[in-house]
$ cat target-v3.csv   # CSV, C-alpha atoms
chain,number,residue,atom,x,y,z
A,840,MET,CA,132.2,95.6,77.9
A,841,ALA,CA,129.5,98.2,77.4
A,842,ALA,CA,126.1,97.1,76.3
A,843,LYS,CA,125.1,97.6,72.6
A,844,VAL,CA,122.4,100.2,72.3
A,845,PHE,CA,119.9,100.4,69.4
A,846,TYR,CA,117.7,103.3,68.3
A,847,ALA,CA,115.0,103.9,65.7
A,848,LYS,CA,117.5,104.3,62.9
A,849,ASP,CA,118.6,100.7,63.4
A,850,VAL,CA,115.1,99.3,63.0
A,851,ASN,CA,113.6,97.5,60.0
A,852,PRO,CA,109.8,97.9,60.5
A,853,ALA,CA,109.2,95.3,57.8
A,854,ALA,CA,110.4,92.6,60.2
A,855,ILE,CA,107.0,92.5,61.9
A,856,ALA,CA,104.9,94.0,59.1
A,857,GLY,CA,101.7,92.1,58.5
A,858,LYS,CA,102.1,89.8,61.5
A,859,THR,CA,99.2,89.2,64.0
A,860,ILE,CA,100.5,89.7,67.5
A,861,ALA,CA,98.6,88.0,70.4
A,862,ILE,CA,99.2,89.6,73.7
A,863,ILE,CA,98.4,87.0,76.4
A,864,GLY,CA,97.2,88.9,79.5
A,865,TYR,CA,95.9,92.5,79.9
A,866,GLY,CA,97.4,93.8,83.1
A,867,SER,CA,99.5,96.9,83.4
A,868,GLN,CA,102.2,95.7,81.0
A,869,GLY,CA,99.9,93.8,78.7
A,870,ARG,CA,97.6,96.7,78.1
A,871,ALA,CA,100.5,99.2,77.6
A,872,GLN,CA,102.3,97.0,75.0
A,873,ALA,CA,99.1,96.0,73.2
A,874,LEU,CA,97.9,99.6,72.8
A,875,ASN,CA,101.3,100.9,71.8
A,876,LEU,CA,101.6,98.1,69.2
A,877,HIS,CA,98.1,98.8,68.0
A,878,ASN,CA,98.7,102.6,67.7
A,879,SER,CA,101.9,101.8,65.8
A,880,GLY,CA,99.9,100.0,63.2
A,881,ALA,CA,100.3,96.4,64.2
A,882,ASN,CA,97.5,93.9,64.1
A,883,VAL,CA,97.0,93.1,67.8
A,884,ILE,CA,94.6,90.6,69.4
A,885,VAL,CA,94.4,89.9,73.2
A,886,GLY,CA,94.2,86.4,74.7
A,887,LEU,CA,92.0,86.3,77.8
A,888,ASP,CA,89.3,84.2,79.3
A,889,PRO,CA,86.0,85.6,78.1
A,890,GLY,CA,84.8,86.0,81.7
A,891,ARG,CA,87.6,88.2,82.8
A,892,LYS,CA,86.9,91.8,83.8
A,893,ASN,CA,89.8,92.9,81.7
A,894,VAL,CA,87.9,91.8,78.6
A,895,ALA,CA,85.6,94.8,78.8
A,896,GLN,CA,88.6,97.1,79.1
A,897,ALA,CA,90.4,95.6,76.2
A,898,LYS,CA,87.3,95.9,74.0
A,899,ALA,CA,86.7,99.5,75.1
A,900,ASP,CA,90.3,100.1,74.1
A,901,GLY,CA,89.3,99.0,70.6
A,902,LEU,CA,91.1,95.6,70.6
A,903,THR,CA,89.9,92.2,69.6
A,904,VAL,CA,89.7,89.8,72.5
A,905,LEU,CA,89.7,86.0,72.1
A,906,PRO,CA,90.2,83.0,74.4
A,907,VAL,CA,93.9,82.3,74.9
A,908,ALA,CA,94.0,79.2,72.7
A,909,GLU,CA,92.1,80.9,69.9
A,910,ALA,CA,94.3,83.9,70.0
A,911,ALA,CA,97.4,81.7,69.9
A,912,ALA,CA,96.0,79.8,67.0
A,913,GLN,CA,95.4,83.0,65.0
A,914,ALA,CA,98.7,84.7,65.9
A,915,ASP,CA,102.0,84.8,64.1
A,916,TRP,CA,103.6,86.2,67.3
A,917,ILE,CA,102.5,85.0,70.7
A,918,HIS,CA,103.7,87.3,73.5
A,919,ILE,CA,103.1,86.0,77.0
A,920,LEU,CA,102.5,88.7,79.6
A,921,ALA,CA,100.9,86.6,82.3
A,922,PRO,CA,102.7,86.2,85.7
A,923,ASP,CA,105.9,84.1,85.6
A,924,GLU,CA,104.5,81.3,87.8
A,925,VAL,CA,101.6,80.6,85.4
A,926,HIS,CA,103.5,80.5,82.2
A,927,LYS,CA,103.9,76.7,82.3
A,928,GLY,CA,100.2,75.9,82.8
A,929,CYS,CA,99.1,78.5,80.3
A,930,TYR,CA,101.7,77.4,77.7
A,931,GLU,CA,100.9,73.7,78.0
A,932,ALA,CA,97.2,74.1,78.0
A,933,HIS,CA,96.6,76.7,75.4
A,934,ILE,CA,99.7,77.8,73.5
A,935,GLN,CA,102.0,74.8,72.8
A,936,GLN,CA,99.8,73.1,70.3
A,937,HIS,CA,99.4,76.4,68.3
A,938,LEU,CA,103.1,77.4,68.4
A,939,THR,CA,103.8,76.0,64.9
A,940,ALA,CA,106.8,76.4,62.7
A,941,GLY,CA,107.7,79.9,61.7
A,942,LYS,CA,105.9,81.6,64.5
A,943,VAL,CA,107.4,83.8,67.2
A,944,LEU,CA,107.2,83.3,71.0
A,945,GLY,CA,107.8,86.5,72.9
A,946,VAL,CA,108.1,87.3,76.6
A,947,SER,CA,109.1,90.4,78.6
A,948,HIS,CA,110.9,88.5,81.3
A,949,GLY,CA,113.1,85.5,80.6
A,950,PHE,CA,112.2,83.5,83.7
A,951,SER,CA,110.0,80.7,82.2
A,952,VAL,CA,112.2,80.2,79.1
A,953,HIS,CA,115.6,80.4,80.9
A,954,PHE,CA,114.6,78.1,83.7
A,955,GLY,CA,112.8,75.7,81.4
A,956,THR,CA,109.3,75.9,82.8
A,957,ILE,CA,108.3,76.2,79.1
A,958,VAL,CA,110.3,74.5,76.4
A,959,PRO,CA,109.6,76.0,72.9
A,960,PRO,CA,109.9,73.9,69.7
A,961,LYS,CA,113.1,74.4,67.7
A,962,ASP,CA,111.4,75.8,64.6
A,963,VAL,CA,110.2,79.1,66.2
A,964,ASP,CA,111.9,82.3,67.1
A,965,VAL,CA,112.0,83.0,70.8
A,966,VAL,CA,112.7,86.6,71.8
A,967,MET,CA,112.4,88.9,74.8
A,968,ILE,CA,111.5,92.6,74.8
A,969,ALA,CA,111.6,93.9,78.4
A,970,PRO,CA,110.7,97.6,79.0
A,971,LYS,CA,112.5,98.9,82.0
A,972,SER,CA,109.5,100.5,83.6
A,973,PRO,CA,105.9,99.8,84.8
A,974,GLY,CA,103.2,99.5,82.1
A,975,HIS,CA,101.5,102.8,82.9
A,976,LEU,CA,104.8,104.6,82.2
A,977,VAL,CA,105.4,102.6,79.0
A,978,ARG,CA,102.0,103.8,77.8
A,979,ARG,CA,102.3,107.4,79.0
A,980,GLN,CA,105.7,107.9,77.4
A,981,TYR,CA,104.5,106.5,74.1
A,982,GLU,CA,101.5,108.8,74.1
A,983,GLU,CA,103.8,111.8,74.7
A,984,GLY,CA,105.9,110.8,71.7
A,985,ARG,CA,108.8,109.4,73.8
A,986,GLY,CA,109.6,105.9,75.1
A,987,VAL,CA,111.2,104.0,78.0
A,988,PRO,CA,114.4,102.1,77.6
A,989,ALA,CA,114.1,98.4,77.0
A,990,LEU,CA,116.2,95.2,76.8
A,991,ILE,CA,116.0,92.8,73.9
A,992,ALA,CA,117.4,89.2,73.7
A,993,VAL,CA,117.2,86.3,71.3
A,994,TYR,CA,117.0,82.8,72.9
A,995,GLN,CA,116.3,81.0,69.6
A,996,ASP,CA,116.7,82.2,66.0
A,997,ALA,CA,114.9,79.8,63.8
A,998,SER,CA,114.1,82.3,61.0
A,999,GLY,CA,117.4,84.2,60.9
A,1000,GLN,CA,115.3,87.3,61.6
A,1001,ALA,CA,114.7,87.0,65.3
A,1002,HIS,CA,116.9,90.0,66.3
A,1003,ALA,CA,115.3,92.2,63.7
A,1004,ARG,CA,111.9,91.1,64.8
A,1005,ALA,CA,112.6,91.8,68.5
A,1006,LEU,CA,114.0,95.3,67.6
A,1007,ALA,CA,111.0,96.1,65.5
A,1008,TYR,CA,108.7,95.1,68.3
A,1009,ALA,CA,110.7,97.3,70.7
A,1010,ASP,CA,110.3,100.1,68.2
A,1011,ALA,CA,106.6,99.7,68.0
A,1012,ILE,CA,106.1,100.0,71.7
A,1013,GLY,CA,108.2,103.2,71.7
A,1014,SER,CA,111.4,102.0,73.3
A,1015,THR,CA,113.8,102.9,70.5
A,1016,HIS,CA,113.1,106.6,71.3
A,1017,ALA,CA,115.0,106.1,74.5
A,1018,GLY,CA,117.4,103.3,73.5
A,1019,VAL,CA,117.2,99.5,73.4
A,1020,LEU,CA,120.0,97.5,75.1
A,1021,GLU,CA,121.0,94.0,73.9
A,1022,THR,CA,121.3,91.3,76.6
A,1023,THR,CA,120.6,87.5,76.9
A,1024,PHE,CA,117.8,85.6,78.6
A,1025,LYS,CA,120.3,84.4,81.2
A,1026,GLU,CA,121.6,87.9,82.0
A,1027,GLU,CA,118.2,89.6,82.1
A,1028,THR,CA,116.6,86.9,84.2
A,1029,GLU,CA,119.3,86.4,86.8
A,1030,THR,CA,120.1,90.1,87.3
A,1031,ASP,CA,116.4,91.0,87.5
A,1032,LEU,CA,115.8,88.4,90.2
A,1033,PHE,CA,118.9,89.4,92.1
A,1034,GLY,CA,118.0,93.1,92.0
A,1035,GLU,CA,114.5,92.4,93.3
A,1036,GLN,CA,115.7,90.1,96.1
A,1037,ALA,CA,118.9,91.6,97.3
A,1038,VAL,CA,118.4,95.3,96.7
A,1039,LEU,CA,115.2,96.8,95.3
A,1040,CYS,CA,112.6,94.9,97.2
A,1041,GLY,CA,114.0,92.3,99.7
A,1042,GLY,CA,117.1,94.2,100.6
A,1043,LEU,CA,115.4,97.6,100.8
A,1044,THR,CA,112.4,96.5,102.8
A,1045,SER,CA,114.6,94.5,105.2
A,1046,LEU,CA,116.9,97.5,105.7
A,1047,ILE,CA,113.9,99.8,106.4
A,1048,THR,CA,112.2,97.3,108.8
A,1049,LYS,CA,115.3,96.6,110.8
A,1050,GLY,CA,116.2,100.3,111.1
A,1051,PHE,CA,112.7,100.9,112.3
A,1052,GLU,CA,112.9,98.0,114.8
A,1053,THR,CA,116.3,99.2,116.1
A,1054,LEU,CA,115.0,102.7,116.9
A,1055,VAL,CA,111.7,101.4,118.5
A,1056,GLU,CA,113.6,98.8,120.6
A,1057,ALA,CA,115.9,101.6,121.8
A,1058,GLY,CA,112.9,103.4,123.2
A,1059,TYR,CA,112.1,106.0,120.4
A,1060,GLN,CA,108.6,106.7,119.3
A,1061,PRO,CA,107.5,104.4,116.4
A,1062,GLU,CA,106.1,107.4,114.6
A,1063,ILE,CA,109.5,109.2,114.6
A,1064,ALA,CA,111.2,105.9,113.6
A,1065,TYR,CA,108.8,105.6,110.7
A,1066,PHE,CA,109.6,109.1,109.4
A,1067,GLU,CA,113.3,108.6,109.7
A,1068,CYS,CA,113.6,105.0,108.2
A,1069,LEU,CA,110.7,104.8,105.7
A,1070,HIS,CA,109.1,108.1,104.9
A,1071,GLU,CA,112.3,110.0,104.0
A,1072,MET,CA,113.5,107.1,101.9
A,1073,LYS,CA,111.6,108.5,98.9
A,1074,LEU,CA,113.5,111.8,99.2
A,1075,ILE,CA,116.8,110.0,99.0
A,1076,VAL,CA,115.7,107.6,96.2
A,1077,ASP,CA,114.4,110.4,94.1
A,1078,LEU,CA,117.8,112.2,94.3
A,1079,ILE,CA,119.7,109.0,93.4
A,1080,TYR,CA,117.2,108.3,90.5
A,1081,GLU,CA,117.6,111.9,89.1
A,1082,GLY,CA,121.4,112.0,89.2
A,1083,GLY,CA,123.1,109.1,90.8
A,1084,MET,CA,124.6,108.7,94.2
A,1085,ALA,CA,126.8,111.8,93.7
A,1086,ASN,CA,123.7,113.9,93.2
A,1087,MET,CA,122.2,112.6,96.4
A,1088,ARG,CA,125.4,113.3,98.3
A,1089,TYR,CA,125.6,116.8,96.8
A,1090,SER,CA,122.0,117.5,97.9
A,1091,ILE,CA,122.1,116.4,101.5
A,1092,SER,CA,123.9,118.0,104.4
A,1093,ASN,CA,127.6,117.6,105.1
A,1094,THR,CA,126.7,115.8,108.3
A,1095,ALA,CA,124.5,113.3,106.4
A,1096,GLU,CA,127.1,112.8,103.7
A,1097,TYR,CA,129.9,112.2,106.3
A,1098,GLY,CA,127.6,109.7,108.1
A,1099,ASP,CA,126.9,108.0,104.8
A,1100,LEU,CA,130.5,107.6,103.8
A,1101,THR,CA,131.8,106.5,107.3
A,1102,ARG,CA,128.9,104.3,108.6
A,1103,GLY,CA,127.1,102.8,105.6
A,1104,ASN,CA,129.6,100.1,105.1
A,1105,ALA,CA,129.4,99.1,108.7
A,1106,VAL,CA,125.7,98.2,108.2
A,1107,VAL,CA,125.8,96.8,104.6
A,1108,ASP,CA,129.3,95.2,104.9
A,1109,ASP,CA,131.1,92.3,103.4
A,1110,LYS,CA,128.9,89.9,105.3
A,1111,ALA,CA,125.9,91.4,103.5
A,1112,LYS,CA,127.8,91.0,100.2
A,1113,ALA,CA,128.5,87.4,101.0
A,1114,ALA,CA,124.8,86.9,101.7
A,1115,MET,CA,124.0,88.6,98.3
A,1116,LYS,CA,126.4,86.1,96.6
A,1117,LYS,CA,124.4,83.3,98.2
A,1118,VAL,CA,121.2,84.8,96.9
A,1119,LEU,CA,122.7,85.1,93.4
A,1120,SER,CA,124.0,81.5,93.6
A,1121,ASP,CA,120.5,80.3,94.4
A,1122,ILE,CA,119.1,82.2,91.4
A,1123,GLN,CA,121.9,80.9,89.0
A,1124,SER,CA,121.4,77.3,90.1
A,1125,GLY,CA,117.7,77.4,89.5
A,1126,ASN,CA,117.0,76.8,93.2
A,1127,PHE,CA,114.9,79.9,93.6
A,1128,ALA,CA,112.9,79.2,90.4
A,1129,ARG,CA,112.1,75.6,91.5
A,1130,GLU,CA,111.1,76.9,94.9
A,1131,TRP,CA,108.8,79.6,93.5
A,1132,VAL,CA,107.2,77.3,91.0
A,1133,ALA,CA,106.6,74.6,93.7
A,1134,GLU,CA,105.1,77.3,96.0
A,1135,HIS,CA,102.7,78.3,93.3
A,1136,GLU,CA,101.8,74.7,92.4
A,1137,SER,CA,101.2,73.8,96.1
A,1138,GLY,CA,98.6,76.6,96.5
A,1139,GLY,CA,100.9,79.4,97.7
A,1140,ARG,CA,100.1,79.0,101.4
A,1141,ASN,CA,103.6,79.9,102.6
A,1142,PHE,CA,103.6,83.0,100.3
A,1143,ALA,CA,100.2,84.1,101.7
A,1144,ALA,CA,101.4,83.7,105.3
A,1145,LEU,CA,104.6,85.7,104.6
A,1146,ARG,CA,102.5,88.4,102.9
A,1147,GLU,CA,100.1,88.6,105.8
A,1148,ALA,CA,102.9,88.8,108.4
A,1149,GLY,CA,104.4,91.7,106.6
A,1150,GLN,CA,101.1,93.5,106.4
A,1151,LYS,CA,100.7,93.2,110.2
A,1152,HIS,CA,104.1,94.5,111.1
A,1153,GLN,CA,104.1,97.6,113.4
A,1154,ILE,CA,105.7,99.7,110.7
A,1155,GLU,CA,102.7,99.1,108.5
A,1156,VAL,CA,100.2,100.0,111.2
A,1157,VAL,CA,102.0,103.1,112.2
A,1158,GLY,CA,102.6,104.1,108.6
A,1159,ALA,CA,98.9,103.8,107.7
A,1160,GLN,CA,98.1,106.2,110.5
A,1161,LEU,CA,100.8,108.7,109.5
A,1162,ARG,CA,99.9,108.6,105.9
A,1163,GLY,CA,96.4,109.7,106.8
A,1164,MET,CA,98.0,113.0,107.8
A,1165,MET,CA,99.4,113.5,104.4
A,1166,SER,CA,96.7,115.0,102.2
A,1167,TRP,CA,99.0,115.1,99.1
A,1168,LEU,CA,99.2,111.3,98.9
A,1169,HIS,CA,96.9,109.4,96.6
A,1170,LYS,CA,94.9,107.6,99.3
A,1171,ALA,CA,93.3,105.2,96.8
A,1172,ALA,CA,96.7,103.8,95.9
A,1173,PRO,CA,97.0,101.2,98.7
A,1174,GLU,CA,93.5,100.0,98.1
A,1175,ALA,CA,94.1,99.7,94.4
A,1176,VAL,CA,97.2,97.6,95.1
A,1177,LYS,CA,95.3,95.3,97.4
A,1178,ALA,CA,92.5,95.0,94.9
A,1179,ALA,CA,95.0,94.0,92.2
A,1180,LYS,CA,96.6,91.4,94.5
A,1181,ALA,CA,93.2,90.0,95.4
A,1182,GLU,CA,92.4,89.7,91.7
A,1183,GLN,CA,95.6,87.7,91.0
A,1184,PRO,CA,94.2,84.2,91.6
A,1185,GLU,CA,91.2,84.8,89.4
A,1186,GLU,CA,93.3,86.4,86.7
A,1187,VAL,CA,95.8,83.5,86.8
A,1188,ALA,CA,93.1,80.9,86.6
A,1189,ALA,CA,91.5,82.7,83.7
A,1190,ALA,CA,94.8,83.1,81.9
A,1191,VAL,CA,95.4,79.3,81.9
$ encode --input "target-v3.csv" --output "structure tokens"
Amino acid sequence: MAAKVFYAKDVNPAAIAGKTIAIIGYGSQGRAQALNLHNSGANVIVGLDPGRKNVAQAKADGLTVLPVAEAAAQADWIHILAPDEVHKGCYEAHIQQHLTAGKVLGVSHGFSVHFGTIVPPKDVDVVMIAPKSPGHLVRRQYEEGRGVPALIAVYQDASGQAHARALAYADAIGSTHAGVLETTFKEETETDLFGEQAVLCGGLTSLITKGFETLVEAGYQPEIAYFECLHEMKLIVDLIYEGGMANMRYSISNTAEYGDLTRGNAVVDDKAKAAMKKVLSDIQSGNFAREWVAEHESGGRNFAALREAGQKHQIEVVGAQLRGMMSWLHKAAPEAVKAAKAEQPEEVAAAV
């Protein structure tokens, strides 16, 4: 069954008119949603620890910044945009006591609600509005008079207006210009985690790395292996993104297309699909969620070790050297990413 899609004509802006919306967190997604809501006329406040560096940015953007608990107390709608793994601590310490009857609890990913790391009271609406793009694109498209597609879902409808409210929020961040698809917390959360683990992040990086290792172990130069297994990936992904797999196959050589159609299934075969089903099963059962929350609560040492090992792999060392030859790349990007990662523990502590 095809997903139901909503546009601006389906929105009742009065559903959120006059409400004070507290955005908890001011990272990429938090800043984008807060500014889009603000520019759409909503009364927006930001919940942050007063010592956070992001406080200055939010104030410079013209927004009111309050400690998380104070923002939650003043808000009619509390929208948590902190990392998944800190929702529980943040909610229990600063939000729960202020989530009183008639308010709205919003998220942009269903993880914490679906897996029960936070349990909202029965007398509030619980909704999800999930833009399907990074925050910077959510903001840029809004500023250009457009929007990015989004998902909406209702977990709990205490008021009878939860769906209308979620759709009005999606409209205020610009997503009804592109289209808003209806889903459920379960569907969004489980498919999102599966996509990340089996295809977009885990599957892709493992495929690239094992391809690189196969060529290097066969005696080929690591620089050549890097170009063939990682660098050119962007060319292929861009073609797929622009027009699907058919567009990619139309654009590549006949030799490449034949190799794709006759050899791809030999690499990613039914055994890989069976492994994907195991990944999905672990997500559906809650095993992954419990593992991830436990990892965070134990200090994240295993996560840090895995991250460090990945950064030290030969493909990263060779890649850093080769990217230095590519003047068109934004050389500050890797440093910016590392800085953002380094900031996470501080930001998380501040958020809760």
$ atom_distance --input "target-v3.csv" --atom1 "CA of Ala1037 (chain A)" --atom2 "CA of Ala1114 (chain A)"
8.7 Å
$ closest_residue --input "target-v3.csv" --among "A:Arg1004, A:Lys971, A:His1016, A:Arg891" --to "Glu983 (chain A)" --atoms "all atoms listed in the file"
A:His1016
$ residues_around --input "target-v3.csv" --residues "region 1148-1165 of chain A" --least-positions-apart "5" --cutoff "8 Å" --atoms "all atoms listed in the file" --output "count of residues only"
6
$ atom_distance --input "target-v3.csv" --atom1 "CA of Lys961 (chain A)" --atom2 "CA of Gln995 (chain A)"
7.6 Å
$ closest_residue --input "target-v3.csv" --among "A:Lys898, A:Tyr994, A:Lys858, A:His877" --to "Lys942 (chain A)" --atoms "all atoms listed in the file"
A:Lys858
$ atom_distance --input "target-v3.csv" --atom1 "CA of Ala1017 (chain A)" --atom2 "CA of Gln872 (chain A)"
15.6 Å
$ residues_around --input "target-v3.csv" --residues "His975 (chain A)" --least-positions-apart "5" --cutoff "12 Å" --atoms "only C-alpha atoms" --output "PDB file with C-alpha atoms, keeping the file's coordinate frame"
ATOM      1  CA  GLY A 866      97.400  93.800  83.100  1.00  0.00           C
ATOM      2  CA  SER A 867      99.500  96.900  83.400  1.00  0.00           C
ATOM      3  CA  GLN A 868     102.200  95.700  81.000  1.00  0.00           C
ATOM      4  CA  GLY A 869      99.900  93.800  78.700  1.00  0.00           C
ATOM      5  CA  ARG A 870      97.600  96.700  78.100  1.00  0.00           C
ATOM      6  CA  ALA A 871     100.500  99.200  77.600  1.00  0.00           C
ATOM      7  CA  GLN A 872     102.300  97.000  75.000  1.00  0.00           C
ATOM      8  CA  LEU A 874      97.900  99.600  72.800  1.00  0.00           C
ATOM      9  CA  ASN A 875     101.300 100.900  71.800  1.00  0.00           C
ATOM     10  CA  PRO A 970     110.700  97.600  79.000  1.00  0.00           C
ATOM     11  CA  GLN A 980     105.700 107.900  77.400  1.00  0.00           C
ATOM     12  CA  TYR A 981     104.500 106.500  74.100  1.00  0.00           C
ATOM     13  CA  GLU A 982     101.500 108.800  74.100  1.00  0.00           C
ATOM     14  CA  GLY A 986     109.600 105.900  75.100  1.00  0.00           C
ATOM     15  CA  VAL A 987     111.200 104.000  78.000  1.00  0.00           C
TER      16      VAL A 987
END
$ residues_around --input "target-v3.csv" --residues "Asp1031 (chain A)" --least-positions-apart "5" --cutoff "9 Å" --atoms "only C-alpha atoms" --output "ChimeraX atom specification"
/A:948,1026,1036
$ residues_near_point --input "target-v3.csv" --point "(105.6, 94.4, 63.0)" --cutoff "9 Å" --atoms "all atoms listed in the file" --output "ChimeraX atom specification"
/A:852-860,876,879-882,1004,1007-1008,1011
$ write_last_selection --input "target-v3.csv" --atoms "C-alpha atoms" --output "mmCIF file, in the frame of the given file"
data_model
loop_
_atom_site.group_PDB
_atom_site.id
_atom_site.type_symbol
_atom_site.label_atom_id
_atom_site.label_comp_id
_atom_site.auth_asym_id
_atom_site.auth_seq_id
_atom_site.Cartn_x
_atom_site.Cartn_y
_atom_site.Cartn_z
ATOM 1 C CA PRO A 852 109.800 97.900 60.500
ATOM 2 C CA ALA A 853 109.200 95.300 57.800
ATOM 3 C CA ALA A 854 110.400 92.600 60.200
ATOM 4 C CA ILE A 855 107.000 92.500 61.900
ATOM 5 C CA ALA A 856 104.900 94.000 59.100
ATOM 6 C CA GLY A 857 101.700 92.100 58.500
ATOM 7 C CA LYS A 858 102.100 89.800 61.500
ATOM 8 C CA THR A 859 99.200 89.200 64.000
ATOM 9 C CA ILE A 860 100.500 89.700 67.500
ATOM 10 C CA LEU A 876 101.600 98.100 69.200
ATOM 11 C CA SER A 879 101.900 101.800 65.800
ATOM 12 C CA GLY A 880 99.900 100.000 63.200
ATOM 13 C CA ALA A 881 100.300 96.400 64.200
ATOM 14 C CA ASN A 882 97.500 93.900 64.100
ATOM 15 C CA ARG A 1004 111.900 91.100 64.800
ATOM 16 C CA ALA A 1007 111.000 96.100 65.500
ATOM 17 C CA TYR A 1008 108.700 95.100 68.300
ATOM 18 C CA ALA A 1011 106.600 99.700 68.000
#
$ closest_residue --input "target-v3.csv" --among "A:Glu924, A:Asp1010, A:Asp962, A:Glu1134" --to "Ile991 (chain A)" --atoms "all atoms listed in the file"
A:Asp1010
$ residues_around --input "target-v3.csv" --residues "Glu1067 (chain A)" --least-positions-apart "4" --cutoff "12 Å" --atoms "all atoms listed in the file" --output "JSON list (two decimals) with C-alpha atoms, in the coordinates of the input"
[["chain", "number", "residue", "atom", "x", "y", "z"],
["A", 1047, "ILE", "CA", 113.90, 99.80, 106.40],
["A", 1048, "THR", "CA", 112.20, 97.30, 108.80],
["A", 1050, "GLY", "CA", 116.20, 100.30, 111.10],
["A", 1051, "PHE", "CA", 112.70, 100.90, 112.30],
["A", 1052, "GLU", "CA", 112.90, 98.00, 114.80],
["A", 1053, "THR", "CA", 116.30, 99.20, 116.10],
["A", 1054, "LEU", "CA", 115.00, 102.70, 116.90],
["A", 1055, "VAL", "CA", 111.70, 101.40, 118.50],
["A", 1059, "TYR", "CA", 112.10, 106.00, 120.40],
["A", 1060, "GLN", "CA", 108.60, 106.70, 119.30],
["A", 1061, "PRO", "CA", 107.50, 104.40, 116.40],
["A", 1062, "GLU", "CA", 106.10, 107.40, 114.60],
["A", 1063, "ILE", "CA", 109.50, 109.20, 114.60],
["A", 1071, "GLU", "CA", 112.30, 110.00, 104.00],
["A", 1072, "MET", "CA", 113.50, 107.10, 101.90],
["A", 1073, "LYS", "CA", 111.60, 108.50, 98.90],
["A", 1074, "LEU", "CA", 113.50, 111.80, 99.20],
["A", 1075, "ILE", "CA", 116.80, 110.00, 99.00],
["A", 1154, "ILE", "CA", 105.70, 99.70, 110.70],
["A", 1158, "GLY", "CA", 102.60, 104.10, 108.60]]
$ closest_residue --input "target-v3.csv" --among "A:Arg1088, A:His918, A:His953, A:His937" --to "Ile968 (chain A)" --atoms "all atoms listed in the file"
A:His918
$ residues_around --input "target-v3.csv" --residues "Ser1120 (chain A)" --least-positions-apart "6" --cutoff "12 Å" --atoms "all atoms listed in the file" --output "number ranges by chain"
A: 1029-1030, 1032-1033, 1037, 1113-1114, 1126-1128
$ decode --input "target-v3.csv" --residues "region 892-904 of chain A" --atoms "N, CA and C atoms" --output "short mmCIF file (atom, residue, chain, number, x, y, z; two decimals), in the first residue's frame"
data_model
loop_
_atom_site.label_atom_id
_atom_site.label_comp_id
_atom_site.auth_asym_id
_atom_site.auth_seq_id
_atom_site.Cartn_x
_atom_site.Cartn_y
_atom_site.Cartn_z
N LYS A 892 28.39 26.40 24.07
CA LYS A 892 28.81 27.31 23.00
C LYS A 892 27.65 27.64 22.07
N ASN A 893 26.74 26.71 21.91
CA ASN A 893 25.61 26.92 21.01
C ASN A 893 24.65 28.01 21.50
N VAL A 894 24.77 28.36 22.79
CA VAL A 894 23.91 29.42 23.33
C VAL A 894 24.15 30.72 22.56
N ALA A 895 25.41 31.05 22.34
CA ALA A 895 25.74 32.28 21.64
C ALA A 895 25.18 32.27 20.22
N GLN A 896 25.25 31.12 19.56
CA GLN A 896 24.73 31.01 18.21
C GLN A 896 23.22 31.20 18.19
N ALA A 897 22.53 30.54 19.13
CA ALA A 897 21.07 30.66 19.18
C ALA A 897 20.64 32.09 19.47
N LYS A 898 21.35 32.76 20.37
CA LYS A 898 21.02 34.15 20.68
C LYS A 898 21.31 35.05 19.49
N ALA A 899 22.42 34.79 18.80
CA ALA A 899 22.75 35.57 17.61
C ALA A 899 21.70 35.37 16.52
N ASP A 900 21.07 34.20 16.53
CA ASP A 900 20.01 33.92 15.56
C ASP A 900 18.68 34.56 15.96
N GLY A 901 18.68 35.24 17.11
CA GLY A 901 17.48 35.95 17.54
C GLY A 901 16.50 35.13 18.36
N LEU A 902 16.96 34.01 18.92
CA LEU A 902 16.09 33.14 19.69
C LEU A 902 16.34 33.27 21.19
N THR A 903 15.31 32.99 21.97
CA THR A 903 15.42 32.98 23.42
C THR A 903 15.97 31.64 23.86
N VAL A 904 17.00 31.66 24.71
CA VAL A 904 17.63 30.44 25.18
C VAL A 904 17.44 30.32 26.68
#
